[in-house]
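Participant: input10.pdb is reproduced in full below (PDB, C-alpha atoms).
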```pdb
ATOM      1  CA  MET A 234     162.449  73.999 -19.139  1.00  0.00           C
ATOM      2  CA  ASN A 235     163.221  71.681 -22.036  1.00  0.00           C
ATOM      3  CA  GLN A 236     165.538  74.253 -23.569  1.00  0.00           C
ATOM      4  CA  TYR A 237     167.848  73.959 -20.537  1.00  0.00           C
ATOM      5  CA  LEU A 238     168.183  70.165 -20.674  1.00  0.00           C
ATOM      6  CA  PRO A 239     170.778  68.810 -23.079  1.00  0.00           C
ATOM      7  CA  GLY A 240     169.117  66.455 -25.541  1.00  0.00           C
ATOM      8  CA  GLY A 241     165.600  67.240 -24.334  1.00  0.00           C
ATOM      9  CA  ALA A 242     163.664  65.730 -21.437  1.00  0.00           C
ATOM     10  CA  ASP A 243     162.765  62.610 -23.398  1.00  0.00           C
ATOM     11  CA  HIS A 244     166.362  61.728 -24.274  1.00  0.00           C
ATOM     12  CA  PRO A 245     167.234  58.126 -23.301  1.00  0.00           C
ATOM     13  CA  SER A 246     169.905  59.269 -20.859  1.00  0.00           C
ATOM     14  CA  TRP A 247     167.372  61.251 -18.823  1.00  0.00           C
ATOM     15  CA  LEU A 248     164.927  58.353 -18.879  1.00  0.00           C
ATOM     16  CA  THR A 249     167.692  56.024 -17.705  1.00  0.00           C
ATOM     17  CA  ALA A 250     168.621  58.376 -14.881  1.00  0.00           C
ATOM     18  CA  LEU A 251     164.978  58.672 -13.816  1.00  0.00           C
ATOM     19  CA  GLY A 252     164.558  54.892 -13.897  1.00  0.00           C
ATOM     20  CA  THR A 253     167.713  54.471 -11.828  1.00  0.00           C
ATOM     21  CA  PHE A 254     166.544  56.901  -9.143  1.00  0.00           C
ATOM     22  CA  LEU A 255     163.072  55.356  -9.044  1.00  0.00           C
ATOM     23  CA  GLY A 256     164.563  51.875  -8.810  1.00  0.00           C
ATOM     24  CA  TYR A 257     166.875  52.811  -5.952  1.00  0.00           C
ATOM     25  CA  GLY A 258     163.996  54.562  -4.203  1.00  0.00           C
ATOM     26  CA  ALA A 259     161.818  51.460  -4.479  1.00  0.00           C
ATOM     27  CA  ILE A 260     164.621  49.263  -3.134  1.00  0.00           C
ATOM     28  CA  LEU A 261     165.211  51.651  -0.226  1.00  0.00           C
ATOM     29  CA  LEU A 262     161.503  51.665   0.587  1.00  0.00           C
ATOM     30  CA  VAL A 263     161.275  47.865   0.599  1.00  0.00           C
ATOM     31  CA  MET A 264     164.456  47.502   2.667  1.00  0.00           C
ATOM     32  CA  THR A 265     163.228  50.091   5.181  1.00  0.00           C
ATOM     33  CA  LEU A 266     159.951  48.245   5.574  1.00  0.00           C
ATOM     34  CA  LEU A 267     161.715  44.897   5.975  1.00  0.00           C
ATOM     35  CA  LEU A 268     164.317  46.160   8.424  1.00  0.00           C
ATOM     36  CA  PHE A 269     162.168  48.458  10.566  1.00  0.00           C
ATOM     37  CA  ALA A 270     158.423  48.048  10.057  1.00  0.00           C
ATOM     38  CA  VAL A 271     158.284  44.237  10.088  1.00  0.00           C
ATOM     39  CA  PRO A 272     160.320  43.797  13.289  1.00  0.00           C
ATOM     40  CA  TYR A 273     158.312  46.584  14.928  1.00  0.00           C
ATOM     41  CA  LEU A 274     155.055  44.855  14.064  1.00  0.00           C
ATOM     42  CA  VAL A 275     156.401  41.470  15.204  1.00  0.00           C
ATOM     43  CA  PHE A 276     157.560  42.749  18.602  1.00  0.00           C
ATOM     44  CA  THR A 277     154.476  44.851  19.301  1.00  0.00           C
ATOM     45  CA  ALA A 278     152.148  41.964  18.424  1.00  0.00           C
ATOM     46  CA  ILE A 279     153.514  39.858  21.310  1.00  0.00           C
TER      47      ILE A 279
END
```
Re-express the file's structure as structure tokens.

Facilitator:
Amino acid sequence: MNQYLPGGADHPSWLTALGTFLGYGAILLVMTLLLFAVPYLVFTAI
């Protein structure tokens, strides 16, 4: 598969793109937990 990627899979641009997607995914996960899971747990604990 490396022959199909420009610059190779370990090129800094691919690593930057991967880091960006992982970072956004982590932020989305944390925001989802804060906005949905925490209020759900608070209201069901009462």

Participant: Just to confirm, what's the straight-line distance from atom CA of A:Gly252 to atom CA of A:Leu267 in Å (one decimal)?

Facilitator: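 Value for the atom CA of A:Gly252-atom CA of A:Leu267 distance: 22.4 Å.
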
Participant: Do you have the atom CA of A:Leu266-atom CA of A:Ala250 distance handy?

Facilitator: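 These atoms are spaced 24.4 Å apart.
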
Participant: Would you compute the distance between atom CA of A:Val275 and atom CA of A:Leu261? Give it in Å to one decimal.

Facilitator: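 Atom CA of A:Leu261 lies at a distance of 20.5 Å from atom CA of A:Val275.
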